[in-house]
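What follows is one structure encoded as structure tokens, with my remarks underneath.
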There are 2 protein chains.
Amino acid sequence: MENVRVIMCGLGAMGSGMARMILDKKGIEIVGAIDSYEGKIGKDLGEVLAIDKKVGTIVSGDFNKTISETKADIVILAIDSFVKNVYPYIKTIVENKINVITIAEEMSYPFVVAKELSEDMDRLAKENGVTILGTGVNPGFVLDTLIVTLSAACRKVTSISASRVNDLSPFGTTVMRTQGVGTTPEEFEKGLKDGSIVGHVGFQQSIPMVAKALGIEIDEIVETREPIISNTHRETPYVKVEPGMVAGCAHIGYGMKDGKAVITLEHPQQIHPQSEGVDTGDYIDIKGDPDLHLSIKPEVPGGIGTMAVAVNMIPQVIASRSGLKTMVDMPLPHAIENSFAEAVKYYK
Amino acid sequence: MENVRVIMCGLGAMGSGMARMILDKKGIEIVGAIDSYEGKIGKDLGEVLAIDKKVGTIVSGDFNKTISETKADIVILAIDSFVKNVYPYIKTIVENKINVITIAEEMSYPFVVAKELSEDMDRLAKENGVTILGTGVNPGFVLDTLIVTLSAACRKVTSISASRVNDLSPFGTTVMRTQGVGTTPEEFEKGLKDGSIVGHVGFQQSIPMVAKALGIEIDEIVETREPIISNTHRETPYVKVEPGMVAGCAHIGYGMKDGKAVITLEHPQQIHPQSEGVDTGDYIDIKGDPDLHLSIKPEVPGGIGTMAVAVNMIPQVIASRSGLKTMVDMPLPHAIENSFAEAVKYYK
């Protein structure tokens with residue numbers, strides 16, 4: 001059986017992690033690698049990934065050339081969070097008749113934030129006989145796929161509340177800035193207004209994905225972002241937070257119907273939550289017949305979870321009917337300990 | 001859009017519950033009902049279900065006539081736990097070009113216990129362009145589908161332990177007898193030997209289903225059944241257990257590889273577990289990269305869970321490619337609050 005052939009596009013923290021994961025797996029190989037950073041271009045992928053062996057694939061800075069000249073089954077695209085920014089790349093990949101998985105958060109359910117581009121991508125994918133999937137740990141898994149799956153045990157669902165409580169301490173300056181960690185409450189408010197503090201990207205995806213799958217009507221998605229004001233001293237290599245300063249962003253998304261929240265997703269993100277006795281974890285509460293209460297403690301780790309979910313969906317995506325798909329359309333996600341080529345064959 | 005048309009075959013506790021659930025849903029109707037009990041035959045389904053309205057479907061005792069003369073999209077088969085006993089019914093249903101969902105435990109993954117019959121059913125389903133799925137709460141959901149889905153967030157899985165701790169108190173005499181509740185330790189041992197005490201039916205399904213999905217090799221499935229000796233007085237309307245007597249059966253299944261358990265599923269079933277401080281719940285622990293710990297407390301209820309999972313899979317099964325399928329092959333399971341006919345259309 002031939003190996004699954006992957007092109008890695010984007011070799012940041014996530015892209016590099018996925019590349020390392022793939023190199024550790026059977027029946028799959030990396031046949032192309034693309035990054036825009038000069039320091040990586042022209043080097044063997046093994047060197048860029050800081051692993052102890054040559055991969056035999058040289059990192060290219062030329063996206064169009066690599067995509068059009070490399071025979072591949074799928075591209076893993078890890079360059080950006082937003083539909084409008086990844087769209088041109090996806091278009092080129094699909095027109096070259098290659099499947100694509102992206103961890104761009106908005107692509108996990110792009111239909112609400114980018115209706116026309118979504119229709120366009122779906123049409124292009126079908127014309128070219130390939131599949132597009134956006135996924136990751138969240139959106140893509142914890143606050144949507146898991147909720148959808150758990151609901152199967154309910155005869156009736158009246159409302160859903162879920163929350164993902166995580167620890168931002170391992171992350172660097174970009175995440176500190178976009179979550180407002182280390183700001184004063186006044187700076188936090190200003191950051192929200194000027195768009196420099198964004199909180200979580202995913203509620204406009206997870207909420208409609210769950211609603212659509214379960215056939216729950218919502219007429220509006222409302223989001224609130226509040227500063228998590230620290231009562232303790234908290235510190236990481238990248239940021240210091242004194243009592244009274246902001247340790248993170250409590251971001252909540254509400255799927256509303258007739259003025260009532262039917263789907264409530266919370267994602268409070270902060271550094272060192274345990275310094276105030278907050279346990280990290282993923283929590284899902286379904287109200288219905290029956291009520292169900294699920295927890296994962298500690299939470300599914302963000303970085304590793306995103307790498308794993310995206311790479312593990314490769315077989316389902318390659319074997320899928322063509323089009324722009326979501327996790328709801330795919331056969332059950334799962335880890336892959338055998339050959340990826342075998343896993344693809346299973347679905348065909 | 002036309003309603004999904006269902007034939008209910010078997011109107012025991014589970015079949016009746018599923019029929020009531022379906023009557024409460026949109027875009028779906030019951031066009032046929034079959035049972036072997038004389039007291040139900042010839043009556044309107046509403047009367048048999050003890051609901052306050054006529055359904056307009058008369059319960060038939062003639063399986064072959066009802067299957068061959070009723071235009072239906074799917075049969076829900078709830079008559080037995082074992083492949084060899086449901087096979088003749090499934091054969092007839094499939095030859096009449098009707099899809100089938102069964103809650104027969106062994107049918108959730110029949111390939112190990114009944115390889116030849118499974119191949120035969122797969123061939124028949126493909127020849128007739130229909131789909132066969134076995135499902136339920138367990139096997140079918142808690143100790144397989146949920147494990148498979150959760151594993152997607154792991155880069156690597158080295159071993160899996162999961163347990164489903166439930167309370168048998170609501171059940172009647174049949175369950176008490178097959179789980180050995182109310183026996184002495186000596187009677188329990190004798191019951192295991194003569195086959196009257198069976199424990200859980202599902203490990204020969206859940207373990208290979210998880211192993212196959214994740215590509216984990218196992219060379220043997222080992223099962224152990226131990227009496228849960230009570231230290232307390234426990235009582236239900238159907239059984240009395242004094243200290244020293246058996247309150248239930250601790251049944252464990254091991255998926256072994258080279259003498260080591262790589263998948264361990266535990267299902268201790270007893271009456272009033274809380275009388276000795278045991279909390280009911282579903283627990284999944286994956287050892288790998290990362291380790292993940294999931295719990296659902298209290299456990300997904302057995303009866304309602306089985307009804308819900310089976311009925312909620314109707315759209316995926318109707319829209320599926322033909323063949324004998326498992327939950328791993330299907331798009332994500334989920335509750336259905338909108339029309340079943342719409343839900344079918346979504347997948348087509």
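Here's how to read the names in the structure tokens: chain A, B, ... by the order shown, residue numbers from 1 in each chain, ligand numbers from 1 in the order shown.
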- Message: Contacts from chain B to chain A, 6 Å maximum, only C-alpha atoms: show me the residue list as a ChimeraX atom specification.
- Response: /B:148-149,151-155,214-216,293-297,305,308-309,328-338
Just write the chosen residues, N, CA, C and O atoms, as a CSV table (one decimal), in the first residue's frame.
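In the end it all went to out_25.csv:
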```
chain,number,residue,atom,x,y,z
B,148,VAL,N,-13.4,6.0,21.2
B,148,VAL,CA,-12.9,6.2,19.9
B,148,VAL,C,-12.8,7.7,19.6
B,148,VAL,O,-11.8,8.3,19.2
B,149,THR,N,-13.9,8.4,19.9
B,149,THR,CA,-13.9,9.9,19.6
B,149,THR,C,-12.9,10.6,20.5
B,149,THR,O,-12.2,11.5,20.0
B,151,SER,N,-10.2,9.6,21.7
B,151,SER,CA,-8.8,9.3,21.3
B,151,SER,C,-8.3,10.2,20.2
B,151,SER,O,-7.1,10.4,20.0
B,152,ALA,N,-9.2,10.9,19.5
B,152,ALA,CA,-8.8,11.8,18.4
B,152,ALA,C,-7.9,12.9,18.9
B,152,ALA,O,-7.1,13.5,18.1
B,153,ALA,N,-7.9,13.2,20.2
B,153,ALA,CA,-7.1,14.3,20.7
B,153,ALA,C,-5.7,13.8,21.1
B,153,ALA,O,-5.0,14.6,21.7
B,154,CYS,N,-5.4,12.6,20.9
B,154,CYS,CA,-4.1,12.0,21.3
B,154,CYS,C,-3.2,11.8,20.1
B,154,CYS,O,-3.6,11.2,19.1
B,155,ARG,N,-2.0,12.2,20.2
B,155,ARG,CA,-1.0,11.9,19.2
B,155,ARG,C,-0.6,10.4,19.2
B,155,ARG,O,-0.3,9.9,18.2
B,214,LEU,N,-8.7,2.3,16.1
B,214,LEU,CA,-7.4,3.0,16.4
B,214,LEU,C,-6.2,2.3,15.8
B,214,LEU,O,-5.1,2.8,15.9
B,215,GLY,N,-6.5,1.1,15.2
B,215,GLY,CA,-5.4,0.3,14.7
B,215,GLY,C,-4.5,-0.2,15.8
B,215,GLY,O,-3.3,-0.4,15.6
B,216,ILE,N,-5.1,-0.6,16.9
B,216,ILE,CA,-4.3,-1.2,18.0
B,216,ILE,C,-4.5,-2.7,17.9
B,216,ILE,O,-5.6,-3.2,17.7
B,293,HIS,N,-8.5,12.0,30.8
B,293,HIS,CA,-9.4,11.4,31.8
B,293,HIS,C,-10.8,12.0,31.6
B,293,HIS,O,-11.0,13.2,31.9
B,294,LEU,N,-11.7,11.2,31.2
B,294,LEU,CA,-13.1,11.7,31.0
B,294,LEU,C,-14.0,11.0,32.0
B,294,LEU,O,-13.9,9.8,32.3
B,295,SER,N,-15.0,11.8,32.5
B,295,SER,CA,-16.0,11.1,33.3
B,295,SER,C,-17.4,11.7,33.0
B,295,SER,O,-17.5,12.9,32.7
B,296,ILE,N,-18.4,10.9,33.1
B,296,ILE,CA,-19.8,11.3,33.0
B,296,ILE,C,-20.5,10.9,34.3
B,296,ILE,O,-20.5,9.7,34.6
B,297,LYS,N,-20.9,11.8,35.1
B,297,LYS,CA,-21.5,11.5,36.4
B,297,LYS,C,-22.9,12.2,36.6
B,297,LYS,O,-22.9,13.4,36.4
B,305,GLY,N,-30.6,5.7,27.3
B,305,GLY,CA,-29.5,5.9,26.4
B,305,GLY,C,-29.5,5.0,25.2
B,305,GLY,O,-29.3,5.4,24.1
B,308,ALA,N,-32.2,6.3,22.8
B,308,ALA,CA,-31.8,7.6,22.2
B,308,ALA,C,-30.8,7.3,21.1
B,308,ALA,O,-31.0,7.8,20.0
B,309,VAL,N,-29.8,6.6,21.4
B,309,VAL,CA,-28.7,6.3,20.5
B,309,VAL,C,-29.3,5.7,19.2
B,309,VAL,O,-29.0,6.0,18.1
B,328,VAL,N,-18.4,3.3,14.1
B,328,VAL,CA,-17.1,3.9,13.7
B,328,VAL,C,-17.2,4.4,12.2
B,328,VAL,O,-16.5,5.3,11.8
B,329,ASP,N,-18.1,3.8,11.4
B,329,ASP,CA,-18.2,4.1,10.0
B,329,ASP,C,-19.2,5.3,9.8
B,329,ASP,O,-19.2,5.9,8.7
B,330,MET,N,-20.0,5.6,10.8
B,330,MET,CA,-21.0,6.6,10.6
B,330,MET,C,-20.6,8.0,10.9
B,330,MET,O,-19.7,8.2,11.7
B,331,PRO,N,-21.2,9.0,10.3
B,331,PRO,CA,-20.9,10.4,10.7
B,331,PRO,C,-21.3,10.6,12.2
B,331,PRO,O,-22.1,9.7,12.7
B,332,LEU,N,-20.7,11.6,12.9
B,332,LEU,CA,-21.0,11.8,14.3
B,332,LEU,C,-22.4,11.5,14.7
B,332,LEU,O,-23.3,12.1,14.1
B,333,PRO,N,-22.6,10.8,15.7
B,333,PRO,CA,-24.0,10.6,16.3
B,333,PRO,C,-24.4,11.9,17.0
B,333,PRO,O,-23.6,12.7,17.4
B,334,HIS,N,-25.7,12.2,17.1
B,334,HIS,CA,-26.2,13.4,17.7
B,334,HIS,C,-27.7,13.3,17.9
B,334,HIS,O,-28.4,12.6,17.3
B,335,ALA,N,-28.2,14.1,18.9
B,335,ALA,CA,-29.6,14.2,19.1
B,335,ALA,C,-30.2,15.0,17.9
B,335,ALA,O,-29.6,15.6,17.2
B,336,ILE,N,-31.5,14.8,17.8
B,336,ILE,CA,-32.3,15.4,16.7
B,336,ILE,C,-33.5,16.2,17.2
B,336,ILE,O,-34.5,15.6,17.7
B,337,GLU,N,-33.4,17.5,17.2
B,337,GLU,CA,-34.5,18.3,17.6
B,337,GLU,C,-35.3,18.8,16.5
B,337,GLU,O,-36.5,19.3,16.7
B,338,ASN,N,-34.8,18.8,15.3
B,338,ASN,CA,-35.6,19.2,14.1
B,338,ASN,C,-36.2,18.0,13.4
B,338,ASN,O,-36.3,16.9,14.1
```
- Leaving out Pro185 in chain B and any residue of its chain fewer than 6 positions from it, which residues lie within 8 Å of it when counting only C-alpha atoms, given as a VMD selection string? chain B and resid 227 229 244 to 246
Just to be explicit: take each residue in the selection above, keep all heavy atoms, and write the result as a compact mmCIF listing (two decimals), in the first residue's frame.
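In the end it all went to result.txt:
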```txt
# COMPACT_ATOMS: atom_id res chain seq x y z
N PRO B 227 -18.25 -12.04 41.59
CA PRO B 227 -19.42 -11.58 42.35
C PRO B 227 -19.08 -10.31 43.14
O PRO B 227 -17.97 -10.19 43.67
CB PRO B 227 -19.70 -12.76 43.30
CG PRO B 227 -18.38 -13.44 43.47
CD PRO B 227 -17.66 -13.27 42.17
N ILE B 229 -19.72 -8.97 46.38
CA ILE B 229 -20.28 -9.43 47.66
C ILE B 229 -20.66 -8.21 48.49
O ILE B 229 -19.84 -7.32 48.71
CB ILE B 229 -19.24 -10.26 48.45
CG1 ILE B 229 -18.60 -11.35 47.57
CG2 ILE B 229 -19.88 -10.85 49.72
CD1 ILE B 229 -19.43 -12.55 47.31
N GLY B 244 -22.93 -10.43 52.75
CA GLY B 244 -22.38 -11.73 52.40
C GLY B 244 -22.98 -12.32 51.15
O GLY B 244 -22.45 -13.27 50.58
N MET B 245 -24.10 -11.75 50.70
CA MET B 245 -24.72 -12.23 49.45
C MET B 245 -24.23 -11.36 48.28
O MET B 245 -23.54 -10.35 48.46
CB MET B 245 -26.24 -12.18 49.55
CG MET B 245 -26.81 -13.34 50.38
SD MET B 245 -28.59 -13.13 50.71
CE MET B 245 -29.29 -13.33 49.08
N VAL B 246 -24.64 -11.77 47.10
CA VAL B 246 -24.14 -11.12 45.88
C VAL B 246 -25.07 -9.97 45.45
O VAL B 246 -26.26 -10.17 45.26
CB VAL B 246 -24.01 -12.16 44.74
CG1 VAL B 246 -23.58 -11.47 43.44
CG2 VAL B 246 -23.02 -13.25 45.13
```
Determine, counting only C-alpha atoms, which protein, DNA and RNA residues have an atom within 12 Å of an atom of Leu45 in chain A; residues of the same chain fewer than 6 positions away are not included. Present the result as an mmCIF file with C-alpha atoms, in the first residue's frame.
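Dumped everything to out_4.cif:
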```cif
data_model
loop_
_atom_site.group_PDB
_atom_site.id
_atom_site.type_symbol
_atom_site.label_atom_id
_atom_site.label_comp_id
_atom_site.auth_asym_id
_atom_site.auth_seq_id
_atom_site.Cartn_x
_atom_site.Cartn_y
_atom_site.Cartn_z
ATOM 1 C CA ILE A 7 2.432 18.786 2.115
ATOM 2 C CA MET A 8 2.929 20.863 5.280
ATOM 3 C CA CYS A 9 2.073 24.506 4.667
ATOM 4 C CA GLY A 10 3.140 26.674 7.593
ATOM 5 C CA LEU A 11 5.838 25.537 9.999
ATOM 6 C CA GLY A 15 2.699 23.184 11.788
ATOM 7 C CA SER A 16 6.028 21.973 13.154
ATOM 8 C CA ALA A 19 5.051 17.567 11.001
ATOM 9 C CA ARG A 20 6.854 15.865 13.907
ATOM 10 C CA LEU A 23 7.133 11.720 10.912
ATOM 11 C CA GLU A 29 5.177 10.788 4.582
ATOM 12 C CA ILE A 30 5.829 14.481 4.135
ATOM 13 C CA VAL A 31 6.514 15.160 0.462
ATOM 14 C CA GLY A 32 6.502 18.951 0.615
ATOM 15 C CA ALA A 33 6.995 21.719 3.173
ATOM 16 C CA ILE A 34 6.312 25.416 2.804
ATOM 17 C CA ASP A 35 7.046 28.379 5.039
ATOM 18 C CA GLY A 39 15.489 31.331 7.986
ATOM 19 C CA ILE A 51 14.952 16.524 14.972
ATOM 20 C CA ASP A 52 17.987 14.321 14.661
ATOM 21 C CA LYS A 53 17.516 13.144 11.092
ATOM 22 C CA LYS A 54 17.167 14.383 7.552
ATOM 23 C CA VAL A 55 13.640 14.135 6.158
ATOM 24 C CA GLY A 56 14.726 14.591 2.543
ATOM 25 C CA THR A 57 12.199 17.365 1.992
ATOM 26 C CA ILE A 58 13.559 20.889 1.530
ATOM 27 C CA VAL A 59 11.433 23.708 2.913
ATOM 28 C CA SER A 60 10.205 25.903 0.082
#
```
- Query: Quick one: DSSP helix (DSSP H, G or I) residues in range 61-239 of chain A, as a ChimeraX atom specification?
  - Reply: /A:63-69,83-95,105-108,115-128,145-151,173-179,185-194,203-214
- Task: Please give the complete set of residues from range 99-327 of chain B that DSSP, run on the backbone, assigns to strand (DSSP E or B), formatted as JSON, numbers by chain.
- Result: {"B": [99, 100, 101, 102, 131, 132, 133, 134, 156, 157, 158, 159, 160, 161, 162, 163, 164, 165, 166, 167, 220, 221, 222, 223, 224, 225, 226, 227, 228, 229, 234, 235, 240, 241, 246, 247, 248, 249, 250, 251, 252, 253, 254, 255, 256, 257, 260, 261, 262, 263, 264, 265, 266, 267, 268, 269, 270, 281, 282, 283, 284, 285, 286, 287, 288, 289, 292, 293, 294, 295, 296, 323, 324, 325]}
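CA of Ile103 in chain B to CA of Gln205 in chain B spans 12.6 Å [interatomic distance, one decimal].
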- Task: Find the residues near Ser159 in chain B: any atom within 9 Å, counting only C-alpha atoms, skip ones fewer than 2 places away on the same chain, and give them as a ChimeraX atom specification.
- Result: /B:157,161,261-264,285-288
- Residue contacts of Lys97 in chain B (8 Å, only C-alpha atoms) excluding same-chain residues fewer than 4 positions away, as a ChimeraX atom specification: /B:93,128-130
Would you mind exporting the chosen residues as a short mmCIF file (atom, residue, chain, number, x, y, z; two decimals), in the first residue's frame, restricted to N, CA, C and O atoms?
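Full text of selection-v6.cif as output:
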```
data_model
loop_
_atom_site.label_atom_id
_atom_site.label_comp_id
_atom_site.auth_asym_id
_atom_site.auth_seq_id
_atom_site.Cartn_x
_atom_site.Cartn_y
_atom_site.Cartn_z
N ILE B 93 -35.53 -8.56 6.32
CA ILE B 93 -35.68 -7.10 6.21
C ILE B 93 -34.84 -6.57 5.05
O ILE B 93 -35.32 -5.81 4.20
N ASN B 128 -28.64 -5.42 -1.83
CA ASN B 128 -29.97 -4.82 -1.77
C ASN B 128 -29.94 -3.30 -1.55
O ASN B 128 -30.98 -2.66 -1.40
N GLY B 129 -28.73 -2.74 -1.50
CA GLY B 129 -28.59 -1.29 -1.42
C GLY B 129 -29.07 -0.69 -0.11
O GLY B 129 -29.58 0.44 -0.08
N VAL B 130 -28.93 -1.43 0.97
CA VAL B 130 -29.38 -0.91 2.28
C VAL B 130 -28.27 -1.08 3.32
O VAL B 130 -27.24 -1.70 3.06
#
```
- Task: Pick out the closest residue to Pro315 in chain A from this set: A:Thr131, A:Asn138, A:Ser118, A:Ser169. Count only C-alpha atoms.
- Result: A:Thr131
